[in-house]
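Peer 1: File name data12.cif; file contents mmCIF, C-alpha atoms; full text below.
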```cif
data_run
#
loop_
_atom_site.label_atom_id
_atom_site.label_comp_id
_atom_site.auth_asym_id
_atom_site.auth_seq_id
_atom_site.Cartn_x
_atom_site.Cartn_y
_atom_site.Cartn_z
CA MET A 742 -39.46 62.25 -26.86
CA SER A 743 -40.94 59.44 -24.71
CA TRP A 744 -41.62 57.21 -27.69
CA LEU A 745 -38.09 57.80 -28.98
CA ARG A 746 -36.70 56.72 -25.62
CA LYS A 747 -38.95 53.66 -25.61
CA ILE A 748 -37.58 52.63 -29.00
CA SER A 749 -34.03 53.21 -27.72
CA CYS A 750 -34.63 51.06 -24.62
CA ASP A 751 -36.08 48.27 -26.73
CA ALA A 752 -33.08 48.42 -29.07
CA GLU A 753 -30.62 48.31 -26.16
CA TYR A 754 -32.49 45.37 -24.62
CA LYS A 755 -32.51 43.40 -27.87
CA ALA A 756 -28.82 44.16 -28.43
CA ALA A 757 -27.99 42.91 -24.94
CA ARG A 758 -29.86 39.68 -25.62
CA LYS A 759 -28.04 39.24 -28.92
CA ASP A 760 -24.65 39.71 -27.21
CA GLY A 761 -25.51 37.13 -24.56
CA LYS A 762 -25.73 39.65 -21.73
CA VAL A 763 -29.41 38.83 -21.30
CA ALA A 764 -30.75 35.31 -21.38
CA ALA A 765 -32.85 34.42 -24.36
CA ASN A 766 -36.26 32.87 -23.93
CA VAL A 767 -35.74 29.82 -21.76
CA GLY A 768 -38.24 27.83 -23.81
CA PRO A 769 -40.64 25.12 -22.67
CA PRO A 770 -39.56 22.99 -19.68
CA PRO A 771 -38.62 19.32 -20.11
CA THR A 772 -41.38 16.75 -19.69
CA GLY A 773 -41.73 13.06 -18.94
CA PHE A 774 -41.02 12.23 -22.60
CA SER A 775 -37.31 12.73 -21.86
CA LEU A 776 -37.41 9.74 -19.47
CA LEU A 777 -39.43 7.36 -21.65
CA PRO A 778 -36.52 6.08 -23.83
CA TRP A 779 -35.01 4.40 -20.76
CA LEU A 780 -37.87 1.90 -20.84
CA PHE A 781 -35.94 0.11 -23.60
CA MET A 782 -33.81 -1.33 -20.78
CA GLY A 783 -36.73 -3.70 -20.21
CA MET A 784 -36.73 -4.99 -23.78
CA GLY A 785 -34.81 -8.10 -22.72
CA SER A 786 -37.55 -9.09 -20.29
CA PHE A 787 -40.18 -8.27 -22.88
CA SER A 788 -38.40 -10.49 -25.41
CA ASN A 789 -38.13 -13.38 -22.95
CA LEU A 790 -41.83 -13.07 -22.20
CA PHE A 791 -42.91 -13.34 -25.84
CA GLN A 792 -40.42 -16.11 -26.63
CA GLY A 793 -41.90 -18.27 -23.89
CA GLU A 794 -38.71 -18.29 -21.82
CA THR A 795 -40.50 -16.93 -18.75
CA SER A 796 -42.52 -19.07 -16.36
CA ASN A 797 -46.00 -17.87 -15.43
CA PRO A 798 -46.15 -15.53 -18.44
CA LEU A 799 -49.51 -14.10 -17.37
CA ILE A 800 -48.18 -12.91 -14.02
CA ALA A 801 -44.97 -11.68 -15.68
CA GLY A 802 -46.98 -9.80 -18.32
CA LEU A 803 -49.20 -8.17 -15.70
CA GLY A 804 -46.11 -7.23 -13.69
CA LEU A 805 -44.42 -5.74 -16.76
CA LEU A 806 -47.55 -3.75 -17.65
CA THR A 807 -47.92 -2.51 -14.06
CA PHE A 808 -44.26 -1.44 -13.84
CA ASN A 809 -44.38 0.44 -17.16
CA SER A 810 -47.64 2.16 -16.23
CA LEU A 811 -46.30 3.28 -12.86
CA TYR A 812 -43.01 4.43 -14.45
CA ILE A 813 -44.83 6.56 -17.05
CA TYR A 814 -47.13 8.01 -14.38
CA VAL A 815 -44.20 8.99 -12.15
CA ALA A 816 -42.12 10.29 -15.07
CA PHE A 817 -44.77 12.75 -16.22
CA ARG A 818 -45.36 14.02 -12.68
CA ALA A 819 -41.68 14.50 -11.82
CA PHE A 820 -41.14 17.82 -13.65
CA ARG A 821 -43.53 20.01 -11.64
CA ARG A 822 -42.90 20.54 -7.97
CA GLU A 823 -46.58 20.41 -7.04
CA THR A 824 -47.18 17.01 -8.67
CA ARG A 825 -43.73 15.68 -7.80
CA GLU A 826 -44.34 16.18 -4.08
CA ALA A 827 -47.94 14.94 -4.20
CA THR A 828 -48.84 11.90 -2.10
CA SER A 829 -50.13 10.02 -5.14
CA THR A 830 -46.71 10.31 -6.82
CA ARG A 831 -44.91 8.99 -3.73
CA VAL A 832 -47.40 6.11 -3.43
CA ALA A 833 -46.87 5.22 -7.09
CA LEU A 834 -43.08 5.21 -6.52
CA VAL A 835 -43.43 2.83 -3.55
CA LEU A 836 -45.68 0.52 -5.57
CA MET A 837 -43.11 0.56 -8.38
CA GLY A 838 -40.46 -0.54 -5.88
CA LEU A 839 -42.62 -3.44 -4.69
CA VAL A 840 -43.36 -4.54 -8.26
CA THR A 841 -39.64 -4.31 -9.14
CA CYS A 842 -38.68 -6.48 -6.15
CA GLY A 843 -41.37 -9.03 -7.02
CA LEU A 844 -40.29 -9.32 -10.65
CA ALA A 845 -36.59 -9.45 -9.75
CA ILE A 846 -37.05 -12.16 -7.11
CA GLY A 847 -39.43 -14.18 -9.28
CA TYR A 848 -37.45 -14.11 -12.55
CA GLY A 849 -33.93 -12.67 -12.02
CA ASP A 850 -31.62 -12.32 -15.06
CA THR A 851 -32.72 -9.42 -17.31
CA TRP A 852 -35.59 -8.61 -14.97
CA LEU A 853 -33.02 -7.25 -12.51
CA LEU A 854 -32.49 -4.32 -14.89
CA PHE A 855 -35.76 -2.90 -13.67
CA PHE A 856 -33.89 -1.79 -10.53
CA PRO A 857 -31.84 0.89 -12.38
CA LEU A 858 -35.12 2.08 -13.95
CA PHE A 859 -36.65 2.25 -10.49
CA GLY A 860 -33.60 4.24 -9.35
CA LEU A 861 -34.03 6.62 -12.27
CA ALA A 862 -37.67 7.24 -11.29
CA THR A 863 -36.61 7.76 -7.67
CA GLY A 864 -34.01 10.31 -8.70
CA ALA A 865 -36.60 12.16 -10.79
CA VAL A 866 -39.01 12.46 -7.87
CA VAL A 867 -36.84 12.83 -4.77
CA ARG A 868 -34.72 15.96 -4.14
CA MET A 869 -32.32 17.07 -1.45
CA PRO A 870 -32.17 16.67 1.52
CA HIS A 871 -34.06 13.35 1.22
CA LEU A 872 -32.11 12.19 -1.83
CA ARG A 873 -29.16 10.72 0.09
CA TRP A 874 -31.12 8.31 2.23
CA ALA A 875 -33.57 7.52 -0.60
CA GLY A 876 -30.67 6.66 -2.94
CA ALA A 877 -29.03 4.53 -0.25
CA ILE A 878 -32.26 2.61 0.45
CA VAL A 879 -32.87 1.92 -3.23
CA ALA A 880 -29.26 0.80 -3.76
CA VAL A 881 -29.27 -1.50 -0.70
CA LEU A 882 -32.65 -2.97 -1.65
CA SER A 883 -31.53 -3.70 -5.21
CA GLY A 884 -28.23 -5.13 -3.93
CA VAL A 885 -29.88 -7.48 -1.45
CA VAL A 886 -32.44 -8.77 -3.97
CA SER A 887 -29.84 -9.16 -6.74
CA VAL A 888 -27.36 -11.01 -4.50
CA ILE A 889 -30.12 -13.34 -3.27
CA ARG A 890 -31.18 -14.03 -6.87
CA ASP A 891 -27.89 -14.09 -8.78
CA GLY A 892 -25.10 -14.15 -6.19
CA TRP A 893 -22.40 -11.54 -5.64
CA GLY A 894 -22.52 -10.48 -9.25
CA GLY A 895 -25.76 -8.74 -8.35
CA LEU A 896 -23.73 -5.95 -6.69
CA ASP A 897 -23.28 -4.50 -10.16
CA ILE A 898 -27.03 -3.95 -10.26
CA ALA A 899 -26.87 -2.19 -6.89
CA TYR A 900 -24.13 0.14 -8.15
CA ALA A 901 -26.03 0.84 -11.39
CA THR A 902 -29.18 1.58 -9.40
CA TRP A 903 -27.39 4.03 -7.09
CA ILE A 904 -25.70 5.77 -10.04
CA SER A 905 -28.96 6.13 -11.99
CA THR A 906 -30.68 7.58 -8.90
CA MET A 907 -28.03 10.18 -8.09
CA VAL A 908 -27.18 11.19 -11.67
CA THR A 909 -30.84 11.64 -12.65
CA ALA A 910 -31.51 13.77 -9.57
CA ALA A 911 -28.36 15.85 -10.21
CA ILE A 912 -29.17 16.47 -13.89
CA LEU A 913 -32.78 17.41 -13.28
CA SER A 914 -31.90 19.63 -10.31
CA LEU A 915 -29.21 21.39 -12.34
CA SER A 916 -31.61 21.85 -15.23
CA GLU A 917 -34.20 23.43 -12.96
CA ALA A 918 -31.58 25.71 -11.37
CA VAL A 919 -30.35 26.87 -14.78
CA ARG A 920 -33.88 27.63 -15.94
CA GLU A 921 -34.64 29.56 -12.75
CA LEU A 922 -31.39 31.53 -13.11
CA ARG A 923 -32.14 32.38 -16.73
CA ALA A 924 -35.68 33.42 -15.83
CA ALA A 925 -34.33 35.62 -13.02
CA ARG A 926 -31.84 37.28 -15.37
CA GLU A 927 -34.59 37.84 -17.91
CA GLU A 928 -36.80 39.44 -15.27
CA LEU A 929 -33.98 41.65 -13.96
CA ALA A 930 -33.18 42.85 -17.47
CA ARG A 931 -36.83 43.57 -18.15
CA ARG A 932 -37.14 45.50 -14.89
CA ALA A 933 -33.99 47.49 -15.68
CA VAL A 934 -35.57 48.61 -18.97
CA GLU A 935 -38.82 49.54 -17.22
CA GLU A 936 -36.96 51.46 -14.51
CA GLU A 937 -35.06 53.41 -17.17
CA ARG A 938 -38.31 54.28 -18.91
CA LEU A 939 -39.85 55.39 -15.62
CA ARG A 940 -36.79 57.49 -14.75
CA PHE A 941 -36.82 59.23 -18.10
CA SER A 942 -40.57 59.86 -17.89
CA ARG A 943 -40.18 61.51 -14.49
CA ASP A 944 -37.13 63.55 -15.53
CA LEU A 945 -38.81 64.77 -18.70
CA HIS A 946 -41.97 65.80 -16.86
CA ASP A 947 -40.10 67.66 -14.13
CA LEU A 948 -37.72 69.34 -16.55
CA LEU A 949 -40.25 70.49 -19.15
CA GLY A 950 -43.01 71.33 -16.67
CA HIS A 951 -40.79 73.81 -14.83
CA THR A 952 -39.00 75.16 -17.90
CA LEU A 953 -42.15 75.81 -19.91
CA SER A 954 -43.79 77.47 -16.92
CA VAL A 955 -40.83 79.83 -16.52
CA ILE A 956 -40.82 80.60 -20.26
CA VAL A 957 -44.57 81.38 -20.18
CA VAL A 958 -44.23 83.63 -17.12
CA LYS A 959 -41.23 85.52 -18.54
CA SER A 960 -42.94 85.86 -21.92
CA GLU A 961 -45.96 87.44 -20.23
CA ALA A 962 -43.64 89.75 -18.30
CA ALA A 963 -41.85 90.76 -21.52
CA ARG A 964 -45.20 91.46 -23.21
CA ARG A 965 -46.31 93.67 -20.30
CA LEU A 966 -42.99 95.54 -20.17
CA ALA A 967 -42.48 96.03 -23.92
CA PRO A 968 -44.79 99.11 -24.35
CA ARG A 969 -43.20 101.12 -21.49
CA ASP A 970 -39.71 99.67 -20.80
CA ILE A 971 -38.10 98.00 -23.80
CA ASP A 972 -34.81 97.37 -21.94
CA ALA A 973 -36.56 95.45 -19.16
CA ALA A 974 -38.53 93.49 -21.76
CA LEU A 975 -35.33 92.59 -23.61
CA LEU A 976 -33.85 91.42 -20.31
CA GLN A 977 -36.79 89.05 -19.90
CA VAL A 978 -36.33 87.83 -23.49
CA GLY A 979 -32.66 87.18 -22.73
CA ASP A 980 -33.72 85.16 -19.68
CA ILE A 981 -36.08 83.16 -21.89
CA GLU A 982 -33.21 82.36 -24.26
CA SER A 983 -31.00 81.34 -21.32
CA VAL A 984 -33.72 79.12 -19.85
CA GLY A 985 -34.29 77.49 -23.24
CA ARG A 986 -30.60 76.73 -23.72
CA GLN A 987 -30.33 75.35 -20.21
CA ALA A 988 -33.39 73.18 -20.82
CA LEU A 989 -31.79 71.68 -23.93
CA THR A 990 -28.67 70.82 -21.92
CA GLU A 991 -30.72 69.25 -19.11
CA ILE A 992 -32.81 67.19 -21.51
CA ARG A 993 -29.64 65.81 -23.11
CA GLU A 994 -28.35 64.92 -19.64
CA ALA A 995 -31.66 63.31 -18.74
CA VAL A 996 -31.58 61.21 -21.92
CA THR A 997 -28.13 59.87 -21.07
CA GLY A 998 -28.94 59.49 -17.37
CA TYR A 999 -26.12 61.73 -16.16
CA ARG A 1000 -28.13 64.65 -14.85
CA GLU A 1001 -27.48 65.56 -11.20
CA GLY A 1002 -29.23 68.73 -10.09
CA SER A 1003 -27.85 71.33 -7.72
CA LEU A 1004 -29.98 72.70 -4.90
CA THR A 1005 -28.23 76.07 -5.07
CA THR A 1006 -28.91 76.34 -8.79
CA GLU A 1007 -32.57 75.41 -8.36
CA LEU A 1008 -32.98 77.98 -5.57
CA ASP A 1009 -31.57 80.68 -7.85
CA ARG A 1010 -33.90 79.65 -10.65
CA ALA A 1011 -36.81 79.62 -8.22
CA ARG A 1012 -36.09 83.23 -7.22
CA SER A 1013 -35.96 84.24 -10.89
CA ALA A 1014 -39.21 82.45 -11.78
CA LEU A 1015 -41.07 83.82 -8.75
CA SER A 1016 -39.81 87.34 -9.45
CA ALA A 1017 -40.97 87.15 -13.07
CA ALA A 1018 -44.41 86.09 -11.80
CA ASN A 1019 -44.49 89.08 -9.39
CA ILE A 1020 -44.25 86.81 -6.37
CA ASP A 1021 -42.01 87.93 -3.49
CA SER A 1022 -39.62 85.13 -2.54
CA THR A 1023 -37.70 84.44 0.66
CA VAL A 1024 -35.08 81.71 0.94
CA HIS A 1025 -33.65 80.47 4.25
CA ARG A 1026 -30.90 77.86 4.22
CA SER A 1027 -29.04 76.43 7.18
CA GLY A 1028 -27.11 73.33 8.09
CA PRO A 1029 -24.01 71.52 6.83
CA PRO A 1030 -23.22 70.93 3.12
CA LEU A 1031 -25.25 68.14 1.56
CA PRO A 1032 -24.08 65.21 -0.61
CA PRO A 1033 -24.83 65.49 -4.37
CA ARG A 1034 -27.55 62.81 -4.23
CA THR A 1035 -29.46 64.66 -1.51
CA GLU A 1036 -29.01 68.02 -3.24
CA ALA A 1037 -30.32 66.59 -6.50
CA LEU A 1038 -33.48 65.22 -4.86
CA LEU A 1039 -34.19 68.45 -2.98
CA GLY A 1040 -33.56 70.36 -6.21
CA TRP A 1041 -36.31 68.36 -7.90
CA VAL A 1042 -38.69 69.22 -5.05
CA VAL A 1043 -37.90 72.95 -5.28
CA ARG A 1044 -38.41 72.88 -9.04
CA GLU A 1045 -41.79 71.11 -8.89
CA ALA A 1046 -43.12 73.05 -5.89
CA VAL A 1047 -42.17 76.44 -7.34
CA THR A 1048 -43.67 75.45 -10.71
CA ASN A 1049 -46.98 74.75 -8.94
CA VAL A 1050 -46.79 78.07 -7.08
CA VAL A 1051 -46.23 79.97 -10.35
CA ARG A 1052 -48.92 78.11 -12.29
CA HIS A 1053 -51.66 77.53 -9.73
CA SER A 1054 -51.32 79.44 -6.46
CA ASP A 1055 -52.16 83.08 -7.31
CA ALA A 1056 -49.81 83.86 -4.41
CA ALA A 1057 -48.11 87.12 -3.45
CA ARG A 1058 -45.34 85.54 -1.34
CA CYS A 1059 -43.44 82.27 -1.34
CA GLU A 1060 -41.03 81.12 1.33
CA ILE A 1061 -38.46 78.35 0.83
CA THR A 1062 -36.70 76.94 3.91
CA VAL A 1063 -33.89 74.37 3.93
CA SER A 1064 -32.81 73.23 7.40
CA GLY A 1065 -30.20 70.54 7.75
CA ALA A 1066 -29.17 68.52 10.81
CA THR A 1067 -26.72 65.72 11.50
CA GLU A 1068 -28.92 62.95 10.11
CA ARG A 1069 -31.85 64.52 8.25
CA VAL A 1070 -32.61 67.60 6.17
CA ARG A 1071 -36.01 69.27 5.77
CA LEU A 1072 -37.20 71.41 2.85
CA THR A 1073 -40.40 73.45 3.07
CA VAL A 1074 -42.01 75.51 0.30
CA THR A 1075 -44.91 77.66 1.53
CA ASP A 1076 -47.08 80.19 -0.30
CA ASP A 1077 -49.93 82.45 0.73
CA GLY A 1078 -52.05 81.89 -2.36
CA THR A 1079 -55.70 81.11 -2.74
CA GLY A 1080 -54.81 78.21 -5.04
CA THR A 1081 -56.79 79.28 -8.10
CA ASP A 1082 -56.01 77.32 -11.24
CA ASP A 1083 -55.84 79.70 -14.21
CA VAL A 1084 -57.25 77.05 -16.51
CA THR A 1085 -60.04 75.47 -14.52
CA GLY A 1086 -60.67 78.08 -11.87
CA THR A 1087 -60.64 75.39 -9.18
CA GLY A 1088 -58.85 75.81 -5.88
CA MET A 1089 -55.54 74.08 -5.31
CA VAL A 1090 -55.91 74.11 -1.54
CA GLY A 1091 -58.78 71.66 -1.66
CA ARG A 1092 -57.11 69.41 -4.17
CA ASN A 1093 -54.69 66.55 -3.51
CA LEU A 1094 -51.76 67.22 -5.81
CA LEU A 1095 -50.24 63.86 -4.98
CA GLU A 1096 -52.86 62.29 -7.19
CA GLY A 1097 -52.29 62.10 -10.89
CA VAL A 1098 -50.81 60.05 -13.66
CA GLY A 1099 -48.17 57.65 -12.31
CA GLY A 1100 -44.65 59.01 -12.33
CA THR A 1101 -45.52 62.72 -12.76
CA GLY A 1102 -45.68 65.76 -10.50
CA LEU A 1103 -45.57 65.52 -6.73
CA LYS A 1104 -46.59 61.86 -6.89
CA GLY A 1105 -43.46 61.08 -8.88
CA LEU A 1106 -41.38 63.06 -6.37
CA THR A 1107 -42.96 61.12 -3.51
CA GLU A 1108 -41.79 57.88 -5.14
CA ARG A 1109 -38.30 59.32 -5.76
CA LEU A 1110 -37.89 60.36 -2.12
CA ALA A 1111 -39.32 57.07 -0.82
CA THR A 1112 -36.62 55.10 -2.66
CA ALA A 1113 -34.02 57.22 -0.83
CA GLY A 1114 -35.58 56.73 2.60
CA GLY A 1115 -37.37 60.10 2.66
CA SER A 1116 -40.92 61.42 2.50
CA LEU A 1117 -42.95 64.17 0.84
CA THR A 1118 -46.17 65.76 2.06
CA ALA A 1119 -48.28 68.44 0.39
CA GLY A 1120 -51.43 70.19 1.54
CA PRO A 1121 -53.02 73.37 2.90
CA GLY A 1122 -50.79 75.36 5.26
CA SER A 1123 -51.72 76.13 8.86
CA ARG A 1124 -52.07 79.83 7.99
CA GLY A 1125 -53.61 79.37 4.57
CA GLY A 1126 -51.93 78.87 1.25
CA PHE A 1127 -50.20 75.64 0.39
CA THR A 1128 -47.17 73.86 1.87
CA VAL A 1129 -44.88 71.21 0.41
CA THR A 1130 -42.52 69.51 2.87
CA ALA A 1131 -39.74 67.09 1.99
CA VAL A 1132 -37.67 65.18 4.56
CA LEU A 1133 -34.57 63.22 3.56
CA PRO A 1134 -31.63 61.49 5.22
CA VAL A 1135 -28.51 63.63 4.81
CA ASP A 1136 -26.87 60.72 2.97
CA ALA A 1137 -29.81 59.80 0.73
CA THR A 1138 -28.75 56.50 -0.79
CA ALA A 1139 -31.29 54.99 -3.16
CA VAL A 1140 -33.08 51.89 -1.90
CA PRO A 1141 -34.20 49.60 -4.79
CA GLN A 1142 -37.97 49.22 -4.94
CA PRO A 1143 -39.96 46.56 -6.82
CA ILE A 1144 -41.75 47.74 -9.92
CA PRO A 1145 -45.53 47.46 -9.67
CA ALA A 1146 -47.02 44.64 -11.69
CA GLU A 1147 -49.15 47.03 -13.75
CA GLN A 1148 -45.99 48.82 -14.97
CA LEU A 1149 -44.46 45.51 -16.06
CA ALA A 1150 -47.52 44.45 -18.00
#
```
Would you give me this structure, written as structure tokens?

Peer 2:
Amino acid sequence: MSWLRKISCDAEYKAARKDGKVAANVGPPPTGFSLLPWLFMGMGSFSNLFQGETSNPLIAGLGLLTFNSLYIYVAFRAFRRETREATSTRVALVLMGLVTCGLAIGYGDTWLLFFPLFGLATGAVVRMPHLRWAGAIVAVLSGVVSVIRDGWGGLDIAYATWISTMVTAAILSLSEAVRELRAAREELARRAVEEERLRFSRDLHDLLGHTLSVIVVKSEAARRLAPRDIDAALLQVGDIESVGRQALTEIREAVTGYREGSLTTELDRARSALSAANIDSTVHRSGPPLPPRTEALLGWVVREAVTNVVRHSDAARCEITVSGATERVRLTVTDDGTGTDDVTGTGMVGRNLLEGVGGTGLKGLTERLATAGGSLTAGPGSRGGFTVTAVLPVDATAVPQPIPAEQLA
């Protein structure tokens, strides 16, 4: 059944992705290659240099090479937060600004277009809250240099520089936010699938473990009674049929996720199972009515604890006590057994039943109760035997818990 549910979960997850309810793979992040095409803005200066229209071509060529090198260095370090905020990146950006000012003051004309490129690099590196003052400084610097070199028409360069700074920062910030949002949605969807698998695994274990134990006990009782009391044996067989039908219904409910147990029903089943195993049972219940969520959790505890008593305890008596108060409710299941395991012959009293495969048995119940703000303890009783104690808030509302990394692997 577990592998069928796994296939079902995978199918539901893939269908949700196909319908757009779950983000598809966000793909590789953008890199500095997306900023390289803007270097063509410097083609005019490059053309002037090779056509001999620029004075001191050696200095201009070295300046052009230095600017392009710094721009490429900054561009490829701007897409990872660690490298973007590194001191070396900030130093390279400052050097780029100095080189830009030197080239603009020395040559003017098309060399002023390096200011918008400098603004683009600034926007790629600087983020809020420092972006406002960084964009203002870059715009004022480019405006002052451009006005000094080419008059008031240089204000266009200042505006273009400010726009390139702010727009680049906005686009890259939005791109990063979208990728983070998609990754978060992907992770939430993946965790939802894992939580559903874990829920079904726990439900199936608790349902079948108890049901099969009851069927085995009642079958043994029917076999013992058949030679001397056929009517009593048939009554046990009828109980087996009833338990089997009820188990089928509960498994269907567990598959669909709509099963909510009843504490009263589980207490009645516990009496029947203990009686079939020749164990005297006593049930004490006090306190106000409980919400369905709390009843369901306590029902799971009764089912698992009684299953362990029937299978492992070799007890003659079992006492179940439910005591409710205004804020919390306590459930105790105590037996007087020696704790002998029919299979291994080992004692249950000296064994920690909270250990085991993740999501099964009392360990699984401990996790269930913890998510609802409760606790579960199990161990040897003060007067011998074994005691399981569950404590829950009266209004046991589930508290979401992170899934361990090993379950997500």

Peer 1: Neighbours of Pro1134 of chain A within 9 Å (all atoms listed in the file; same-chain residues fewer than 4 positions away dropped), as a PyMOL selection string?

Peer 2: chain A and resi 1035+1068-1071+1113-1115+1138

Peer 1: Which one is closest to Ile846 of chain A: A:Leu803, A:Leu1039, A:Ile889, A:Val934? Count only C-alpha atoms.

Peer 2: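 Ranked by minimum distance to Ile846 of chain A, first place goes to A:Ile889.
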
Peer 1: Which neighbours of Leu853 of chain A fall inside 10 Å, counting only C-alpha atoms, when residues of the same chain fewer than 5 positions from it are skipped, and could you give them as a short mmCIF file (atom, residue, chain, number, x, y, z; two decimals) with C-alpha atoms, keeping the file's coordinate frame?

Peer 2:
```
data_model
loop_
_atom_site.label_atom_id
_atom_site.label_comp_id
_atom_site.auth_asym_id
_atom_site.auth_seq_id
_atom_site.Cartn_x
_atom_site.Cartn_y
_atom_site.Cartn_z
CA GLY A 783 -36.73 -3.70 -20.21
CA SER A 786 -37.55 -9.09 -20.29
CA THR A 841 -39.64 -4.31 -9.14
CA CYS A 842 -38.68 -6.48 -6.15
CA LEU A 844 -40.29 -9.32 -10.65
CA ALA A 845 -36.59 -9.45 -9.75
CA ILE A 846 -37.05 -12.16 -7.11
CA GLY A 847 -39.43 -14.18 -9.28
CA TYR A 848 -37.45 -14.11 -12.55
CA LEU A 858 -35.12 2.08 -13.95
CA SER A 883 -31.53 -3.70 -5.21
CA VAL A 886 -32.44 -8.77 -3.97
CA SER A 887 -29.84 -9.16 -6.74
CA ARG A 890 -31.18 -14.03 -6.87
CA ASP A 891 -27.89 -14.09 -8.78
CA GLY A 895 -25.76 -8.74 -8.35
CA ILE A 898 -27.03 -3.95 -10.26
CA ALA A 899 -26.87 -2.19 -6.89
#
```

Peer 1: For Glu1036 of chain A, work out the shell of residues within 6 Å, counting all atoms listed in the file and skipping chain neighbours fewer than 4 positions away, then give it as a ChimeraX atom specification.

Peer 2: /A:1003-1004,1040

Peer 1: Find the residue from A:Gly1126, A:Ser983, A:Leu1106, A:Ser1064 that sits nearest to Gly1078 of chain A; use only C-alpha atoms when measuring.

Peer 2: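 For Gly1078 of chain A, the nearest of the candidates is A:Gly1126.
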
Peer 1: If I take atom CA of Glu921 of chain A and atom CA of Phe859 of chain A, how far is one from the other in Å, to one decimal?

Peer 2: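 Taking atom CA of Glu921 of chain A and atom CA of Phe859 of chain A, their separation equals 27.5 Å.
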
Peer 1: Rounded to one decimal, what separation in Å do you get between atom CA of Leu882 of chain A and atom CA of Phe774 of chain A?

Peer 2: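 About the pair atom CA of Leu882 of chain A and atom CA of Phe774 of chain A: they are 27.2 Å apart.
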
Peer 1: Set the distance at 8 Å and use only C-alpha atoms: which residues neighbour Thr1062 of chain A once local chain neighbours fewer than 3 positions away are removed? I'd like the list as a list of chain:residue names.

Peer 2: A:Val1024, A:His1025, A:Arg1026, A:Arg1071, A:Leu1072, A:Thr1073, A:Val1074

Peer 1: Using Å and a single decimal, report how far atom CA of Asp1077 of chain A sits from atom CA of Arg1124 of chain A.

Peer 2: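 Taking atom CA of Arg1124 of chain A as the start and atom CA of Asp1077 of chain A as the end point, the length is 8.0 Å.
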